[in-house]
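Single-structure report; data block below.
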Amino acid sequence: METRPIRPICAPQPIPVKTGIGLRAKHHAQILRERPAAAWFEAHSENYFAAGGVLPGILERIAEDYPLSLHGVGLSIGTTDPLDLEHLAKLKRLIERCQPALVSEHLCWGAIGGRFTNDLLPLPHTEEALRHMIGRVRDVQDFLGLQILIENVSSYVEYSASTMTEWDFLAALAKASGCGVLLDINNIYVSAMNHAFDARVFIDAMPRHAVREMHLAGHSVDRHRDREIRIDTHSTQVCDDVWSLYRYAVRRLPGIPTLIEWDTDIPALDVLMAEAAKADAIQESQHVASA
Amino acid sequence: MLHLRELQQRFGAALFDGDDAVTTDIIGDRGIAPRERLAVYRNNLREGFRKTLALEFPVIERLVGEAYFRRLALDFLSAHPSRCGDLHHIGAPFADFLECRFGASEYAYLCDVARLEWAREQALVAADATPLVVTQLRSIAQDDYAALCFSPHPSCSLVHSRFPIVRIWESNQPGAPEQLIDLASGPVCALIHRRRGAVELETLDAASFAWLRALLGGATLGAAVDVALSGGSEFDLSAALARMISRGIFVAFTVPLIPRTLRRTGNTHERPPSPYATACGTRPAA
């Protein structure tokens with residue numbers, strides 16, 4: 001399959017190799033008032049789809065002062081329903097308004113037969129699903145006129161139909177569609193624990209040039225009789241195991257911007273800044289070690 | 001081999017319709033039953049839906065209580081699942097859903113409270129537009145006033161209820177003092193719109209409400225005045241128009257293009273006086 005040329009985004013402020021913070025409405029006023037020393041922000045695109053009112057303007061003002069990434073959670077790119085062109089048009093309008101340095105979506109589907117779960121459901125890792133995703137990612141990149149990043153999701157099921165691993169699927173998708181990879185370290189860990197694979201193998205399989213961003217977040221653990229399911233809740237601090245895995249990822253893939261995500265029971269901005277500082281320290285120690 | 005579309009259809013049926021049986025052979029086991037794995041996604045779907053609905057209708061949640069609201073949200077999810085990737089839209093059919101369930105009961109006021117909450121939600125995110133200012137109307141010729149049409153600000157909507165829904169809404173805001181509200185102390189005519197980024201809510205008298213509803217529906221100023229007066233109560237057009245313009249309710253007006261002499265004017269004595277064009281202004285170029 002031929003890879004079409006894709007325009008890299010020419011944002012006024014590129015994302016630095018530092019750790020940014022997920023932008024949440026709870027912190028809008030504080031950010032505008034105090035201009036905290038965050039390295040960059042990532043916004044959930046759909047939260048700013050409003051036709052008017054204060055929200056789009058707030059994002060524009062934040063984008064004037066900080067490098068910005070737009071992260072989609074609702075496109076359902078992997079559905080076999082038709083792509084939602086209205087959704088894409090709203091995303092494109094937001095991109096034009098805010099000039100983000102990165103635009104990302106998930107390796108998932110979320111809607112079928114016109115019903116939306118508004119969740120990130122895993123795809124089966126089959127040749128058919130891979131062909132489908134390659135086509136979809138190309139369509140989205142053509143529509144937006146720019147490269148998107150695709151993020152691996154946490155999953156709680158494995159499909160009997162899968163014939164390849166998730167990491168081979170993602171690497172093949174990036175190669176064939178020209179998309180970048182947003183590597184979510186917490187999601188790798190959650191899925192590795194739920195499906196009993198070695199998380200480091202996932203990271204090792206990533207094409208180094210394709211990975212353009214990493215995510216870190218906290219998760220929770222559900223007990224099912226004698227077994228556990230790890231759930232990607234973004235409701236707590238990054239756990240020690242995920243920090244260890246992040247150290248491994250930074251050694252393997254140095255110089256990639258990282259983001260701290262927190263979506264449920266969102267704490268004070270200071271707590272997020274402290275998590276970001278922790279990730280920065282790991283990046284810097286790796287930098288020193290490799291110098 | 002199971003195709004992607006069929007897999008998604010079966011997974012979707014399991015999540016939305018509770019049809020677990022269709023997934024047991026497509027989901028691997030590995031220590032935890034497919035049913036339990038699926039339950040994680042079903043819980044995500046239900047909780048995400050409920051939380052969003054509660055954010056959009058906090059007063060309804062407070063009125064019916066958290067536990068009953070959870071049941072309502074589940075039933076609403078079955079009847080009206082999210083139809084778009086932006087979860088914020090799920091509340092659109094909620095008031096009608098409540099109407100079907102409670103319209104004929106003693107809880108009928110819930111439907112109108114939900115309408116009020118949704119109107120506020122919509123006002124927050126409606127498109128921006130620059131409101132009309134009074135001076136723009138000064139150039140209208142006296143005789144043209146009756147045929148003027150106004151375009152409302154996109155954030156603007158009206159809710160009428162036979163119940164005192166504005167007081168119910170206000171007394172269920174965080175920190176508001178507890179009070180007993182007589183459900184028979186309605187009706188109420190509410191105007192909801194956004195001004196300088198914030199949603200405003202005010203009540204109108206019946207005649208002003210009828211007039212504004214006609215205008216927002218596309219009626220000419222003259223026809224809207226007829227509607228306002230048809231209820232038999234007094235109506236002061238100058239005051240009503242000045243009030244609405246000061247609130248930023250209108251963003252544009254259209255002047256009739258038909259020459260005055262050819263217009264079918266009807267009962268000319270009923271035509272409203274021009275509130276602003278005291279001196280005969282020049283007609284703007286059509």
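The chains in the structure tokens are called A, B, ... from first to last as shown; in each chain the residues are counted from 1, and the ligands are counted from 1 in the order shown.
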For chain A, which residues have at least one atom within 7 Å of chain B, if we go by only C-alpha atoms? Write them as a list in words, please.
-> Glu46, Ala50, Ala51, Gly52, Gly53, Val54, Gly74, Leu75, Thr80, Ile112, Gly114, Arg115, Phe116, Thr117, Asn118, Asp119, Ala129, Tyr156, Val157, Glu158, Tyr159, Ser160, Ala161 and Arg227 of chain A
Using N, CA and C atoms, can you write the selected residues to a file as a PDB file, in the first residue's frame?
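The result, stored in result_1.pdb:
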```
ATOM      1  N   GLU A  46     -13.589  17.325  21.640  1.00  0.00           N
ATOM      2  CA  GLU A  46     -15.054  17.426  21.686  1.00  0.00           C
ATOM      3  C   GLU A  46     -15.537  18.435  22.735  1.00  0.00           C
ATOM      4  N   ALA A  50     -18.349  23.431  20.761  1.00  0.00           N
ATOM      5  CA  ALA A  50     -19.479  24.359  20.804  1.00  0.00           C
ATOM      6  C   ALA A  50     -19.358  25.403  19.691  1.00  0.00           C
ATOM      7  N   ALA A  51     -20.526  25.750  19.095  1.00  0.00           N
ATOM      8  CA  ALA A  51     -20.534  26.740  18.014  1.00  0.00           C
ATOM      9  C   ALA A  51     -20.125  28.114  18.533  1.00  0.00           C
ATOM     10  N   GLY A  52     -20.445  28.398  19.794  1.00  0.00           N
ATOM     11  CA  GLY A  52     -20.119  29.711  20.356  1.00  0.00           C
ATOM     12  C   GLY A  52     -20.011  29.619  21.863  1.00  0.00           C
ATOM     13  N   GLY A  53     -20.169  30.772  22.538  1.00  0.00           N
ATOM     14  CA  GLY A  53     -20.040  30.786  23.991  1.00  0.00           C
ATOM     15  C   GLY A  53     -18.583  30.913  24.388  1.00  0.00           C
ATOM     16  N   VAL A  54     -18.307  30.704  25.676  1.00  0.00           N
ATOM     17  CA  VAL A  54     -16.973  31.018  26.183  1.00  0.00           C
ATOM     18  C   VAL A  54     -15.918  29.940  25.912  1.00  0.00           C
ATOM     19  N   GLY A  74     -14.090  10.962  20.680  1.00  0.00           N
ATOM     20  CA  GLY A  74     -15.431  10.560  20.254  1.00  0.00           C
ATOM     21  C   GLY A  74     -15.604  10.199  18.786  1.00  0.00           C
ATOM     22  N   LEU A  75     -14.552  10.261  18.003  1.00  0.00           N
ATOM     23  CA  LEU A  75     -14.720  10.067  16.553  1.00  0.00           C
ATOM     24  C   LEU A  75     -15.130   8.641  16.198  1.00  0.00           C
ATOM     25  N   THR A  80     -17.418   0.389  11.652  1.00  0.00           N
ATOM     26  CA  THR A  80     -17.753   0.065  10.268  1.00  0.00           C
ATOM     27  C   THR A  80     -18.969   0.871   9.805  1.00  0.00           C
ATOM     28  N   ILE A 112     -21.909   1.872  16.697  1.00  0.00           N
ATOM     29  CA  ILE A 112     -22.327   0.888  15.687  1.00  0.00           C
ATOM     30  C   ILE A 112     -23.831   1.040  15.480  1.00  0.00           C
ATOM     31  N   GLY A 114     -25.328   3.510  14.420  1.00  0.00           N
ATOM     32  CA  GLY A 114     -25.770   4.849  14.818  1.00  0.00           C
ATOM     33  C   GLY A 114     -25.871   5.056  16.323  1.00  0.00           C
ATOM     34  N   ARG A 115     -25.612   4.006  17.112  1.00  0.00           N
ATOM     35  CA  ARG A 115     -25.621   4.161  18.572  1.00  0.00           C
ATOM     36  C   ARG A 115     -24.181   4.342  19.054  1.00  0.00           C
ATOM     37  N   PHE A 116     -23.947   5.386  19.825  1.00  0.00           N
ATOM     38  CA  PHE A 116     -22.593   5.703  20.295  1.00  0.00           C
ATOM     39  C   PHE A 116     -22.427   5.291  21.755  1.00  0.00           C
ATOM     40  N   THR A 117     -21.375   4.522  22.020  1.00  0.00           N
ATOM     41  CA  THR A 117     -21.071   4.197  23.413  1.00  0.00           C
ATOM     42  C   THR A 117     -20.284   5.333  24.059  1.00  0.00           C
ATOM     43  N   ASN A 118     -19.699   6.215  23.234  1.00  0.00           N
ATOM     44  CA  ASN A 118     -18.803   7.264  23.716  1.00  0.00           C
ATOM     45  C   ASN A 118     -17.724   6.665  24.603  1.00  0.00           C
ATOM     46  N   ASP A 119     -17.265   5.482  24.219  1.00  0.00           N
ATOM     47  CA  ASP A 119     -16.197   4.785  24.929  1.00  0.00           C
ATOM     48  C   ASP A 119     -15.164   4.364  23.879  1.00  0.00           C
ATOM     49  N   ALA A 129      -9.492  -5.840   9.893  1.00  0.00           N
ATOM     50  CA  ALA A 129      -9.590  -4.640  10.725  1.00  0.00           C
ATOM     51  C   ALA A 129      -8.423  -3.689  10.435  1.00  0.00           C
ATOM     52  N   TYR A 156     -10.178  -4.641  28.008  1.00  0.00           N
ATOM     53  CA  TYR A 156     -10.626  -5.596  29.025  1.00  0.00           C
ATOM     54  C   TYR A 156     -11.083  -6.895  28.380  1.00  0.00           C
ATOM     55  N   VAL A 157     -11.057  -6.925  27.055  1.00  0.00           N
ATOM     56  CA  VAL A 157     -11.403  -8.151  26.324  1.00  0.00           C
ATOM     57  C   VAL A 157     -10.329  -8.431  25.281  1.00  0.00           C
ATOM     58  N   GLU A 158     -10.207  -9.709  24.947  1.00  0.00           N
ATOM     59  CA  GLU A 158      -9.444 -10.126  23.772  1.00  0.00           C
ATOM     60  C   GLU A 158     -10.427 -10.848  22.873  1.00  0.00           C
ATOM     61  N   TYR A 159     -10.323 -10.593  21.571  1.00  0.00           N
ATOM     62  CA  TYR A 159     -11.244 -11.253  20.639  1.00  0.00           C
ATOM     63  C   TYR A 159     -10.635 -12.561  20.143  1.00  0.00           C
ATOM     64  N   SER A 160     -11.486 -13.572  20.074  1.00  0.00           N
ATOM     65  CA  SER A 160     -11.020 -14.856  19.550  1.00  0.00           C
ATOM     66  C   SER A 160     -10.559 -14.710  18.097  1.00  0.00           C
ATOM     67  N   ALA A 161     -11.110 -13.719  17.410  1.00  0.00           N
ATOM     68  CA  ALA A 161     -10.816 -13.564  15.980  1.00  0.00           C
ATOM     69  C   ALA A 161      -9.413 -13.006  15.714  1.00  0.00           C
ATOM     70  N   ARG A 227      -9.498 -13.095  40.508  1.00  0.00           N
ATOM     71  CA  ARG A 227      -8.738 -12.396  39.460  1.00  0.00           C
ATOM     72  C   ARG A 227      -8.999 -10.897  39.504  1.00  0.00           C
TER      73      ARG A 227
END
```
Write down as a ChimeraX atom specification the residues belonging to stretch 117-216 of chain B that are assigned alpha helix (DSSP H) by DSSP computed on the backbone.
-> /B:117-125,165-171,206-216
Please provide the set of residues having any atom within 8 Å of B:Leu110, restricted to only C-alpha atoms, with same-chain residues fewer than 6 positions apart removed, written as number ranges by chain.
-> B: 60, 98, 102
Write the residues you've just listed into a file as a compact mmCIF listing (two decimals), in the first residue's frame, and include C-alpha atoms for each of them.
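Listed below is the output, selection_27.txt:
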```
# COMPACT_ATOMS: atom_id res chain seq x y z
CA ILE B 60 -33.86 16.99 37.90
CA LEU B 98 -39.94 12.70 30.89
CA PHE B 102 -44.71 11.82 33.89
```
Quick one: everything within 12 Å of A:Ile31, counting only C-alpha atoms, minus sequence neighbours fewer than 5 positions away in the same chain. Send it as a VMD selection string.
-> chain A and resid 21 23 to 26 36 to 38 40 to 41 58 to 59 61 to 63 65 to 66 268 to 270
Fewer than 3 positions away in the same chain doesn't count, so skip those; otherwise give me all residues within 12 Å of B:Glu61, counting only C-alpha atoms, as number ranges by chain.
-> B: 50-58, 64-73, 110, 113-114, 117, 169, 172-173
Restricting it to N, CA and C atoms, dump the selection as a PDB file, in the first residue's frame.
```pdb
ATOM      1  N   ARG B  50     -24.875   8.357  32.441  1.00  0.00           N
ATOM      2  CA  ARG B  50     -25.550   8.918  33.616  1.00  0.00           C
ATOM      3  C   ARG B  50     -24.867  10.194  34.114  1.00  0.00           C
ATOM      4  N   LYS B  51     -23.529  10.147  34.174  1.00  0.00           N
ATOM      5  CA  LYS B  51     -22.807  11.327  34.681  1.00  0.00           C
ATOM      6  C   LYS B  51     -23.030  12.537  33.785  1.00  0.00           C
ATOM      7  N   THR B  52     -23.015  12.312  32.481  1.00  0.00           N
ATOM      8  CA  THR B  52     -23.221  13.430  31.563  1.00  0.00           C
ATOM      9  C   THR B  52     -24.638  13.971  31.707  1.00  0.00           C
ATOM     10  N   LEU B  53     -25.610  13.063  31.803  1.00  0.00           N
ATOM     11  CA  LEU B  53     -27.005  13.487  31.959  1.00  0.00           C
ATOM     12  C   LEU B  53     -27.179  14.281  33.263  1.00  0.00           C
ATOM     13  N   ALA B  54     -26.499  13.838  34.319  1.00  0.00           N
ATOM     14  CA  ALA B  54     -26.610  14.528  35.609  1.00  0.00           C
ATOM     15  C   ALA B  54     -25.976  15.916  35.552  1.00  0.00           C
ATOM     16  N   LEU B  55     -24.913  16.050  34.743  1.00  0.00           N
ATOM     17  CA  LEU B  55     -24.291  17.370  34.588  1.00  0.00           C
ATOM     18  C   LEU B  55     -25.214  18.312  33.830  1.00  0.00           C
ATOM     19  N   GLU B  56     -26.008  17.738  32.917  1.00  0.00           N
ATOM     20  CA  GLU B  56     -26.903  18.571  32.112  1.00  0.00           C
ATOM     21  C   GLU B  56     -28.206  18.882  32.841  1.00  0.00           C
ATOM     22  N   PHE B  57     -28.621  17.973  33.740  1.00  0.00           N
ATOM     23  CA  PHE B  57     -29.899  18.153  34.436  1.00  0.00           C
ATOM     24  C   PHE B  57     -29.712  18.017  35.951  1.00  0.00           C
ATOM     25  N   PRO B  58     -28.894  18.884  36.550  1.00  0.00           N
ATOM     26  CA  PRO B  58     -28.630  18.750  37.993  1.00  0.00           C
ATOM     27  C   PRO B  58     -29.881  18.962  38.839  1.00  0.00           C
ATOM     28  N   VAL B  64     -35.455  14.298  41.944  1.00  0.00           N
ATOM     29  CA  VAL B  64     -35.889  12.889  42.016  1.00  0.00           C
ATOM     30  C   VAL B  64     -34.968  12.052  42.901  1.00  0.00           C
ATOM     31  N   GLY B  65     -33.824  12.604  43.266  1.00  0.00           N
ATOM     32  CA  GLY B  65     -32.857  11.858  44.083  1.00  0.00           C
ATOM     33  C   GLY B  65     -31.916  11.057  43.207  1.00  0.00           C
ATOM     34  N   GLU B  66     -30.696  10.831  43.737  1.00  0.00           N
ATOM     35  CA  GLU B  66     -29.636  10.184  42.959  1.00  0.00           C
ATOM     36  C   GLU B  66     -30.020   8.777  42.494  1.00  0.00           C
ATOM     37  N   ALA B  67     -30.648   8.018  43.404  1.00  0.00           N
ATOM     38  CA  ALA B  67     -30.945   6.614  43.087  1.00  0.00           C
ATOM     39  C   ALA B  67     -31.980   6.516  41.970  1.00  0.00           C
ATOM     40  N   TYR B  68     -33.041   7.318  42.064  1.00  0.00           N
ATOM     41  CA  TYR B  68     -34.072   7.251  41.024  1.00  0.00           C
ATOM     42  C   TYR B  68     -33.546   7.829  39.709  1.00  0.00           C
ATOM     43  N   PHE B  69     -32.696   8.848  39.812  1.00  0.00           N
ATOM     44  CA  PHE B  69     -32.124   9.440  38.600  1.00  0.00           C
ATOM     45  C   PHE B  69     -31.300   8.396  37.836  1.00  0.00           C
ATOM     46  N   ARG B  70     -30.619   7.540  38.605  1.00  0.00           N
ATOM     47  CA  ARG B  70     -29.832   6.465  37.986  1.00  0.00           C
ATOM     48  C   ARG B  70     -30.738   5.545  37.169  1.00  0.00           C
ATOM     49  N   ARG B  71     -31.898   5.198  37.737  1.00  0.00           N
ATOM     50  CA  ARG B  71     -32.858   4.352  37.009  1.00  0.00           C
ATOM     51  C   ARG B  71     -33.393   5.062  35.772  1.00  0.00           C
ATOM     52  N   LEU B  72     -33.712   6.356  35.960  1.00  0.00           N
ATOM     53  CA  LEU B  72     -34.213   7.149  34.830  1.00  0.00           C
ATOM     54  C   LEU B  72     -33.179   7.185  33.706  1.00  0.00           C
ATOM     55  N   ALA B  73     -31.914   7.393  34.092  1.00  0.00           N
ATOM     56  CA  ALA B  73     -30.841   7.507  33.100  1.00  0.00           C
ATOM     57  C   ALA B  73     -30.696   6.200  32.323  1.00  0.00           C
ATOM     58  N   LEU B 110     -41.732  18.046  36.244  1.00  0.00           N
ATOM     59  CA  LEU B 110     -40.357  17.639  35.928  1.00  0.00           C
ATOM     60  C   LEU B 110     -40.020  17.885  34.450  1.00  0.00           C
ATOM     61  N   VAL B 113     -39.234  21.527  33.959  1.00  0.00           N
ATOM     62  CA  VAL B 113     -37.943  21.864  34.592  1.00  0.00           C
ATOM     63  C   VAL B 113     -36.807  21.368  33.690  1.00  0.00           C
ATOM     64  N   ALA B 114     -36.986  20.170  33.114  1.00  0.00           N
ATOM     65  CA  ALA B 114     -35.963  19.635  32.209  1.00  0.00           C
ATOM     66  C   ALA B 114     -35.835  20.524  30.966  1.00  0.00           C
ATOM     67  N   GLU B 117     -33.748  23.451  31.976  1.00  0.00           N
ATOM     68  CA  GLU B 117     -32.325  23.105  32.119  1.00  0.00           C
ATOM     69  C   GLU B 117     -31.663  22.911  30.750  1.00  0.00           C
ATOM     70  N   TRP B 169     -36.457  25.916  39.900  1.00  0.00           N
ATOM     71  CA  TRP B 169     -35.057  25.874  39.449  1.00  0.00           C
ATOM     72  C   TRP B 169     -34.170  26.656  40.417  1.00  0.00           C
ATOM     73  N   ASN B 172     -33.439  25.146  43.793  1.00  0.00           N
ATOM     74  CA  ASN B 172     -32.630  23.917  43.774  1.00  0.00           C
ATOM     75  C   ASN B 172     -31.208  24.165  43.294  1.00  0.00           C
ATOM     76  N   GLN B 173     -30.797  25.420  43.344  1.00  0.00           N
ATOM     77  CA  GLN B 173     -29.406  25.733  43.038  1.00  0.00           C
ATOM     78  C   GLN B 173     -28.560  25.509  44.290  1.00  0.00           C
TER      79      GLN B 173
END
```
Once DSSP has gone over the backbone, tell me which residues of stretch 129-163 of chain A are in strand (DSSP E or B), as number ranges by chain.
-> A: 149-151, 159
